[in-house]
Amino acid sequence: MSIIIIHIDLKYPNFHVVYIYMKQSQLFTKTRKEAPSDEVSKNAQLLIRAGYIHKVFAGGYTFLPLAVKVLENIANIIRYEMNAIGGQEMQSTALQSKEPWQATGRWNDAQVDNWFKTSLKNGTELSLAFTHEEPMTLMMKNFISSYKDLPVYPYDIRSVFRNEARAKSGVMRGREFYWKALYSFSKDKEQHDDFYEKIAEAYSRVYQRVGLGETTYKTFASGGTFSQYSHEFQTVCESGEDTIFIDTEKGIAVNQEVYTDEVLADLDISKENLTEAKAVEVGNIFSLADKFSTPIELSYTNENGKPQSVYMGSYGIGISRLMGVIVENMSDEKGIVWPEEIAPFTIHLITFGKNENIIREAENLYHDLKNAGIEVLFDDRDAGPGQKLNDADLMGMPYRIVYSEKSLEKGGVEITKRESGDTEFVDPERVVAYFNEG
RNA sequence: CGGGGUGUGGUGUAACGGCUAACAUGCUCGUUUUGGGUACGAGUGACUCCGGGUUCGAAUCCCGGCUCCCCGACCA
């Protein structure tokens with residue numbers, strides 16, 4: 001059997017499993033030359049053509065094996081960065097009871113109009129989660145009673161549901177999407193602010209690692225009732241829904257929604273240094289203060305024995321949206337160009353022709369790579385060179401290795417970087433070392 | 001939720017109100033080919049979105065619904 005599932009890294013919870021190597025003949029998805037006519041957005045066109053996603057309805061996409069790998073790669077980066085600042089992963093239910101939502105007044109359709117609501121057989125009303133502030137706050141009443149219990153930072157990585165009036169832009173605005181949501185519970189503003197800064201830095205590292213570091217800006221946006229600003233992380237992108245004004249020197253931006261002279265003065269930004277750009281919100285961080293903890297009565301006993309409301313914050317990153325943005329921004333006329341850390345496989349290994357020696361040697365290389373823990377997709381299909389090369393470009397693995405008679409004549413296997421097209425020929429015996437040494 | 005479009009084999013397209021709904025691609029079989037979707041042959045595959053209506057006759061015209069796409073509104 002050539003598709004094996006293994007645990008890749010023990011520092012992550014062991015229920016996260018991925019394929020680290022695979023024969024393409026076993027992959028049930030296929031590439032196609034043309035995208036469906038009803039898909040206009042670049043991310044959906046490429047992801048469908050390359051076999052990453054399948055559309056079920058507007059805003060509803062099935063994530064196929066290759067996309068699951070991408071999403072898990074992104075999620076694992078986020079896990080790493082969230083755990084590094086004290087985050088603790090958990091898994092909320094997607095079904096929610098209405099009580100905590102009634103406490104905050106948000107069960108009301110006038111307040112929140114993008115609910116998917118449903119009910120139990122006995123008539124009890126439930127909803128499909130679009131976020132988890134209320135249920136998380138309610139749950140934490142079980143675990144927080146003293147200032148000694150604070151701060152804590154539980155987070156979820158899961159799908160949530162929003163009944164968008166108009167889904168659009170492929171996976172960038174779906175009715176169901178995969179995200180990370182972290183909620184911070186602190187004893188006071190000072191403790192909260194300390195974490196707020198830390199998570200902002202963690203977010204920057206996440207965007208750096210997924211390959212969007214150069215184009216993603218911490219952006220000042222409206223903050224709601226309890227803070228003057230919230231912060232969004234906006235990635236410059238042609239198909240973005242937001243307009244931001246970037247100060248490239250300071251590396252920050254201002255969302256159009258708060259773009260006023262007062263705000264600019266407050267932030268010490270001068271208009272002359274700003275560049276306008278379309279952008280996509282790939283994350284946000286909110287200070288919530290006691291907006292949820294007071295109505296839901298989440299309080300703790302402070303050092304003086306007095307009850308006090310927990311000071312909260314919430315922090316989201318849209319993982320499936322991030323996948324879409326990466327495709328939008330990192331692709332060319334031939335297809336997707338995945339950054340190395342989130343590509344489904346590091347290497348796309350292909351052979352041409354029916355020379356049995358070549359095929360056997362390529363297969364040996366495939367086994368050597370997988371034994372070395374290097375993620376490899378082996379195109380062992382009986383297909384012509386044009387098809388294999390085009391598919392490799394379309395699917396977007398960072399490295400393509402061609403093992404062929406011609407490559408051997410030129411000194412070994414041909415290793416081509418998808419991003420630059422740079423090619424070099426390497427002795428097949430040295431390929432594993434080539435990747436292990438970076 | 002307002003406005004505008006759209007809907008034909010799996011996919012992309014064609015078809016004046018009138019022959020058995022055409023072409024390409026995909027898929028199957030055979031031969032061929034192996035560094036950029038190779039070539040040829042034989043097959044396979046469609047209640048033309050759904051429901052009404054007009055007509056001798058509807059993929060085509062009309063009405064209603066649904067779908068998807070776009071613009072806008074909305075988006076803790």
# chains A, B, ... in the order shown; residues from 1 in each chain; ligands from 1
call {"tool": "select_by_dssp", "arguments": {"residues": "range 45-201 of chain A", "states": "strand (DSSP E)", "output": "compact mmCIF listing (two decimals) with N, CA and C atoms, in the first residue's frame"}}
result
# COMPACT_ATOMS: atom_id res chain seq x y z
N ILE A 53 -10.02 21.41 -4.05
CA ILE A 53 -11.35 21.63 -3.46
C ILE A 53 -12.45 21.23 -4.44
N HIS A 54 -13.62 21.01 -3.90
CA HIS A 54 -14.80 20.68 -4.70
C HIS A 54 -15.95 21.55 -4.21
N LYS A 55 -16.60 22.19 -5.15
CA LYS A 55 -17.68 23.07 -4.73
C LYS A 55 -18.98 22.30 -4.57
N VAL A 56 -19.68 22.58 -3.49
CA VAL A 56 -20.96 21.93 -3.25
C VAL A 56 -22.11 22.92 -3.48
N PHE A 57 -21.93 24.14 -3.01
CA PHE A 57 -22.90 25.22 -3.23
C PHE A 57 -22.14 26.51 -3.02
N GLY A 60 -19.78 26.92 -0.14
CA GLY A 60 -19.58 25.62 0.50
C GLY A 60 -18.65 24.76 -0.33
N TYR A 61 -17.48 24.53 0.19
CA TYR A 61 -16.48 23.75 -0.54
C TYR A 61 -16.02 22.56 0.29
N THR A 62 -15.88 21.44 -0.39
CA THR A 62 -15.26 20.27 0.24
C THR A 62 -13.76 20.41 0.09
N PHE A 63 -13.04 20.21 1.16
CA PHE A 63 -11.58 20.25 1.08
C PHE A 63 -11.08 18.83 0.82
N GLY A 87 -1.05 29.44 24.66
CA GLY A 87 -2.35 28.95 24.21
C GLY A 87 -2.53 27.48 24.51
N GLN A 88 -3.78 27.08 24.76
CA GLN A 88 -4.09 25.67 25.01
C GLN A 88 -5.20 25.26 24.06
N GLU A 89 -4.89 24.30 23.19
CA GLU A 89 -5.88 23.91 22.21
C GLU A 89 -6.96 23.03 22.82
N MET A 90 -8.18 23.28 22.41
CA MET A 90 -9.32 22.47 22.82
C MET A 90 -10.22 22.35 21.59
N LEU A 95 -22.29 22.88 17.67
CA LEU A 95 -23.66 23.18 18.05
C LEU A 95 -23.66 23.95 19.36
N GLN A 96 -24.47 24.96 19.43
CA GLN A 96 -24.46 25.81 20.61
C GLN A 96 -25.86 25.98 21.19
N SER A 97 -25.93 26.08 22.50
CA SER A 97 -27.22 26.36 23.13
C SER A 97 -27.42 27.87 23.21
N PHE A 116 -26.99 30.27 11.44
CA PHE A 116 -27.68 29.06 11.00
C PHE A 116 -28.28 28.51 12.29
N LYS A 117 -29.58 28.56 12.42
CA LYS A 117 -30.20 28.04 13.63
C LYS A 117 -30.93 26.74 13.34
N THR A 118 -30.99 25.90 14.35
CA THR A 118 -31.64 24.61 14.20
C THR A 118 -32.22 24.22 15.56
N SER A 119 -32.72 23.01 15.67
CA SER A 119 -33.29 22.62 16.96
C SER A 119 -33.19 21.13 17.15
N GLU A 125 -33.92 24.92 21.00
CA GLU A 125 -33.24 25.66 19.94
C GLU A 125 -31.72 25.56 20.08
N LEU A 126 -31.07 25.39 18.95
CA LEU A 126 -29.61 25.35 18.90
C LEU A 126 -29.16 26.20 17.71
N SER A 127 -27.87 26.45 17.68
CA SER A 127 -27.33 27.14 16.52
C SER A 127 -26.02 26.50 16.10
N LEU A 128 -25.67 26.72 14.87
CA LEU A 128 -24.36 26.32 14.39
C LEU A 128 -23.42 27.48 14.65
N TYR A 153 -5.57 30.96 28.14
CA TYR A 153 -5.74 31.23 26.72
C TYR A 153 -6.18 30.00 25.94
N PRO A 154 -7.43 29.59 26.10
CA PRO A 154 -7.90 28.44 25.32
C PRO A 154 -8.16 28.84 23.87
N TYR A 155 -7.94 27.88 22.99
CA TYR A 155 -8.27 28.18 21.58
C TYR A 155 -8.79 26.94 20.86
N ASP A 156 -9.52 27.23 19.81
CA ASP A 156 -10.14 26.24 18.94
C ASP A 156 -9.55 26.32 17.55
N ILE A 157 -9.43 25.19 16.90
CA ILE A 157 -9.22 25.21 15.45
C ILE A 157 -10.32 24.34 14.88
N ARG A 158 -11.24 24.96 14.20
CA ARG A 158 -12.41 24.22 13.73
C ARG A 158 -13.15 25.00 12.66
N SER A 159 -14.17 24.36 12.12
CA SER A 159 -15.02 25.04 11.16
C SER A 159 -16.13 25.79 11.87
N VAL A 160 -16.45 26.96 11.36
CA VAL A 160 -17.63 27.68 11.84
C VAL A 160 -18.49 28.06 10.65
N PHE A 161 -19.70 28.53 10.95
CA PHE A 161 -20.72 28.70 9.93
C PHE A 161 -21.29 30.10 9.97
N GLU A 176 -19.16 28.25 5.31
CA GLU A 176 -18.51 27.45 6.34
C GLU A 176 -17.02 27.67 6.13
N PHE A 177 -16.32 27.97 7.19
CA PHE A 177 -14.88 28.14 7.01
C PHE A 177 -14.11 27.65 8.22
N TYR A 178 -12.85 27.35 7.98
CA TYR A 178 -11.97 26.75 8.97
C TYR A 178 -11.14 27.85 9.58
N TRP A 179 -11.18 27.96 10.90
CA TRP A 179 -10.42 29.04 11.50
C TRP A 179 -9.86 28.66 12.86
N LYS A 180 -9.01 29.52 13.34
CA LYS A 180 -8.50 29.41 14.71
C LYS A 180 -9.10 30.56 15.46
N ALA A 181 -9.64 30.27 16.65
CA ALA A 181 -10.15 31.34 17.50
C ALA A 181 -9.62 31.14 18.89
N LEU A 182 -8.90 32.12 19.37
CA LEU A 182 -8.35 32.06 20.73
C LEU A 182 -9.06 33.12 21.57
N TYR A 183 -9.32 32.76 22.82
CA TYR A 183 -9.98 33.68 23.75
C TYR A 183 -9.07 33.86 24.96
N SER A 184 -8.82 35.10 25.30
CA SER A 184 -7.95 35.34 26.46
C SER A 184 -8.78 35.76 27.66
N PHE A 185 -8.41 35.22 28.81
CA PHE A 185 -9.08 35.54 30.07
C PHE A 185 -8.02 36.06 31.02
N SER A 186 -8.12 37.34 31.33
CA SER A 186 -7.10 37.97 32.17
C SER A 186 -7.76 38.64 33.36
call {"tool": "residues_around", "arguments": {"residues": "Ser230 in chain A", "least_positions_apart": "4", "cutoff": "8 Å", "atoms": "only C-alpha atoms (C1' of nucleotides)", "output": "list in words"}}
result
Phe220, Ala221, Ser222, Gly223, Gly224, Asn284, Ile285, Phe286 and Ser287 of chain A
call {"tool": "closest_atom_pairs", "arguments": {"of": "chain A", "to": "chain B", "cutoff": "7 Å", "atoms": "only C-alpha atoms (C1' of nucleotides)", "output": "Markdown table"}}
result
| residue | atom | partner | partner_atom | distance |
| --- | --- | --- | --- | --- |
| A:Glu34 | CA | B:G12 | C1' | 6.6 |
| A:Pro36 | CA | B:U11 | C1' | 6.8 |
| A:Asp38 | CA | B:C69 | C1' | 5.8 |
| A:Phe352 | CA | B:U34 | C1' | 5.9 |
| A:Gly353 | CA | B:U34 | C1' | 4.6 |
| A:Gly384 | CA | B:U34 | C1' | 6.0 |
| A:Pro385 | CA | B:U34 | C1' | 6.3 |
| A:Gly386 | CA | B:G36 | C1' | 4.2 |
| A:Gln387 | CA | B:G37 | C1' | 4.6 |
| A:Leu389 | CA | B:G36 | C1' | 6.4 |
| A:Asn390 | CA | B:G36 | C1' | 6.8 |
call {"tool": "atom_distance", "arguments": {"atom1": "CA of Glu303 in chain A", "atom2": "CA of Leu138 in chain A"}}
result
22.8 Å
call {"tool": "select_by_dssp", "arguments": {"residues": "range 179-381 of chain A", "states": "helix (DSSP H, G or I)", "output": "ChimeraX atom specification"}}
result
/A:189-209,213-215,256-258,261-266,271-273,319-329,356-371
call {"tool": "residues_around", "arguments": {"residues": "Ile350 in chain A", "least_positions_apart": "4", "cutoff": "9 Å", "atoms": "only C-alpha atoms (C1' of nucleotides)", "output": "list in words"}}
result
Ala362, Leu377, Phe378, Asp379, Asp380, Arg381, Pro385, Lys388, Leu389, Ala392, Arg400, Ile401, Val402, Tyr403 and Ser404 of chain A
call {"tool": "write_last_selection", "arguments": {"atoms": "C-alpha atoms", "output": "PDB file, in the first residue's frame"}}
result
ATOM      1  CA  ALA A 362      12.895   6.764  -9.402  1.00  0.00           C
ATOM      2  CA  LEU A 377       4.387  13.144  -4.177  1.00  0.00           C
ATOM      3  CA  PHE A 378       5.492  10.615  -6.799  1.00  0.00           C
ATOM      4  CA  ASP A 379       3.804  10.964 -10.165  1.00  0.00           C
ATOM      5  CA  ASP A 380       3.878   7.326 -11.182  1.00  0.00           C
ATOM      6  CA  ARG A 381       1.012   7.673 -13.622  1.00  0.00           C
ATOM      7  CA  PRO A 385       5.641  14.359 -20.171  1.00  0.00           C
ATOM      8  CA  LYS A 388       3.055  15.532 -15.899  1.00  0.00           C
ATOM      9  CA  LEU A 389       4.986  18.784 -16.172  1.00  0.00           C
ATOM     10  CA  ALA A 392       3.306  19.668 -11.423  1.00  0.00           C
ATOM     11  CA  ARG A 400      10.022  19.309  -8.864  1.00  0.00           C
ATOM     12  CA  ILE A 401      12.388  16.439  -9.431  1.00  0.00           C
ATOM     13  CA  VAL A 402      12.539  14.933 -12.902  1.00  0.00           C
ATOM     14  CA  TYR A 403      14.171  11.531 -13.122  1.00  0.00           C
ATOM     15  CA  SER A 404      14.659  10.743 -16.800  1.00  0.00           C
TER      16      SER A 404
END
call {"tool": "closest_residue", "arguments": {"among": "A:His132, A:Lys148, A:Lys417, A:Lys168", "to": "Gly59 in chain A", "atoms": "only C-alpha atoms"}}
result
A:Lys168
call {"tool": "residues_around", "arguments": {"residues": "range 198-203 of chain A", "least_positions_apart": "4", "cutoff": "12 Å", "atoms": "only C-alpha atoms (C1' of nucleotides)", "output": "PyMOL selection string"}}
result
chain A and resi 77-87+153+180+182-184+191-194+207-210+212-213+216-219+230-234+282-287+313-318
call {"tool": "write_last_selection", "arguments": {"atoms": "C-alpha atoms", "output": "tab-separated table (two decimals), in the first residue's frame"}}
result
chain	number	residue	atom	x	y	z
A	77	ILE	CA	2.09	26.79	12.27
A	78	ILE	CA	-0.69	28.53	14.16
A	79	ARG	CA	-0.66	25.83	16.86
A	80	TYR	CA	3.03	26.23	17.29
A	81	GLU	CA	2.80	30.00	17.65
A	82	MET	CA	-0.25	29.94	19.90
A	83	ASN	CA	1.24	27.28	22.16
A	84	ALA	CA	4.44	29.29	22.34
A	85	ILE	CA	2.58	32.16	24.02
A	86	GLY	CA	0.59	29.95	26.36
A	87	GLY	CA	-2.35	28.95	24.21
A	153	TYR	CA	-5.74	31.23	26.72
A	180	LYS	CA	-8.50	29.41	14.71
A	182	LEU	CA	-8.35	32.06	20.73
A	183	TYR	CA	-9.98	33.68	23.75
A	184	SER	CA	-7.95	35.34	26.46
A	191	GLN	CA	-2.46	41.62	32.23
A	192	HIS	CA	-4.61	41.68	29.12
A	193	ASP	CA	-2.56	44.32	27.33
A	194	ASP	CA	0.59	42.35	27.91
A	207	TYR	CA	2.01	35.39	8.43
A	208	GLN	CA	5.74	35.37	7.98
A	209	ARG	CA	5.85	31.60	8.08
A	210	VAL	CA	2.96	31.05	5.69
A	212	LEU	CA	2.65	36.43	3.51
A	213	GLY	CA	5.03	38.36	5.74
A	216	THR	CA	0.58	41.61	5.53
A	217	TYR	CA	0.11	44.65	7.73
A	218	LYS	CA	-1.11	45.13	11.24
A	219	THR	CA	-4.00	47.47	10.57
A	230	SER	CA	-8.98	46.81	17.21
A	231	HIS	CA	-6.30	45.39	15.02
A	232	GLU	CA	-6.75	43.52	11.84
A	233	PHE	CA	-4.07	41.79	9.88
A	234	GLN	CA	-4.58	42.75	6.27
A	282	VAL	CA	-6.56	37.44	7.36
A	283	GLY	CA	-6.83	37.85	11.09
A	284	ASN	CA	-7.99	40.12	13.84
A	285	ILE	CA	-7.41	40.72	17.51
A	286	PHE	CA	-9.98	42.29	19.79
A	287	SER	CA	-9.97	43.62	23.29
A	313	GLY	CA	-10.02	39.33	24.37
A	314	SER	CA	-10.65	37.33	21.20
A	315	TYR	CA	-8.34	36.56	18.34
A	316	GLY	CA	-9.17	34.93	15.01
A	317	ILE	CA	-7.32	33.70	11.98
A	318	GLY	CA	-9.23	32.39	8.98
call {"tool": "decode", "arguments": {"residues": "range 4-38 of chain B", "atoms": "C-alpha atoms (C1' of nucleotides)", "output": "PDB file, in the first residue's frame"}}
result
ATOM      1  C1'   G B   4     -28.097  42.789 -13.091  1.00  0.00           C
ATOM      2  C1'   G B   5     -26.780  38.421 -15.569  1.00  0.00           C
ATOM      3  C1'   U B   6     -26.609  32.937 -16.080  1.00  0.00           C
ATOM      4  C1'   G B   7     -28.176  27.725 -16.533  1.00  0.00           C
ATOM      5  C1'   U B   8     -27.074  22.412 -22.747  1.00  0.00           C
ATOM      6  C1'   G B   9     -22.934  15.043 -21.751  1.00  0.00           C
ATOM      7  C1'   G B  10     -18.072  14.994 -16.044  1.00  0.00           C
ATOM      8  C1'   U B  11     -15.679  19.843 -17.961  1.00  0.00           C
ATOM      9  C1'   G B  12     -15.488  24.011 -21.749  1.00  0.00           C
ATOM     10  C1'   U B  13     -18.527  25.555 -25.746  1.00  0.00           C
ATOM     11  C1'   A B  14     -22.219  25.412 -30.335  1.00  0.00           C
ATOM     12  C1'   A B  15     -27.142  24.963 -32.253  1.00  0.00           C
ATOM     13  C1'   C B  16     -32.748  30.279 -37.133  1.00  0.00           C
ATOM     14  C1'   G B  17     -39.013  28.249 -33.191  1.00  0.00           C
ATOM     15  C1'   G B  18     -38.127  22.798 -37.464  1.00  0.00           C
ATOM     16  C1'   C B  19     -33.719  16.299 -39.332  1.00  0.00           C
ATOM     17  C1'   U B  20     -31.351  11.542 -34.500  1.00  0.00           C
ATOM     18  C1'   A B  21     -29.029  18.384 -29.830  1.00  0.00           C
ATOM     19  C1'   A B  22     -23.115  19.471 -32.628  1.00  0.00           C
ATOM     20  C1'   C B  23     -17.742  20.247 -31.478  1.00  0.00           C
ATOM     21  C1'   A B  24     -13.674  19.943 -28.173  1.00  0.00           C
ATOM     22  C1'   U B  25     -11.954  17.811 -23.843  1.00  0.00           C
ATOM     23  C1'   G B  26     -12.452  13.812 -20.382  1.00  0.00           C
ATOM     24  C1'   C B  27     -13.277   8.562 -19.777  1.00  0.00           C
ATOM     25  C1'   U B  28     -12.854   3.044 -21.998  1.00  0.00           C
ATOM     26  C1'   C B  29     -10.276  -0.255 -25.688  1.00  0.00           C
ATOM     27  C1'   G B  30      -6.321  -0.705 -29.454  1.00  0.00           C
ATOM     28  C1'   U B  31      -1.922   1.070 -32.043  1.00  0.00           C
ATOM     29  C1'   U B  32       1.584   5.029 -31.423  1.00  0.00           C
ATOM     30  C1'   U B  33       4.487   8.565 -28.627  1.00  0.00           C
ATOM     31  C1'   U B  34       7.819   9.882 -24.003  1.00  0.00           C
ATOM     32  C1'   G B  35      11.158  16.954 -21.963  1.00  0.00           C
ATOM     33  C1'   G B  36       5.663  20.922 -22.129  1.00  0.00           C
ATOM     34  C1'   G B  37      -1.596  18.363 -22.205  1.00  0.00           C
ATOM     35  C1'   U B  38       1.754  13.181 -28.984  1.00  0.00           C
TER      36        U B  38
END
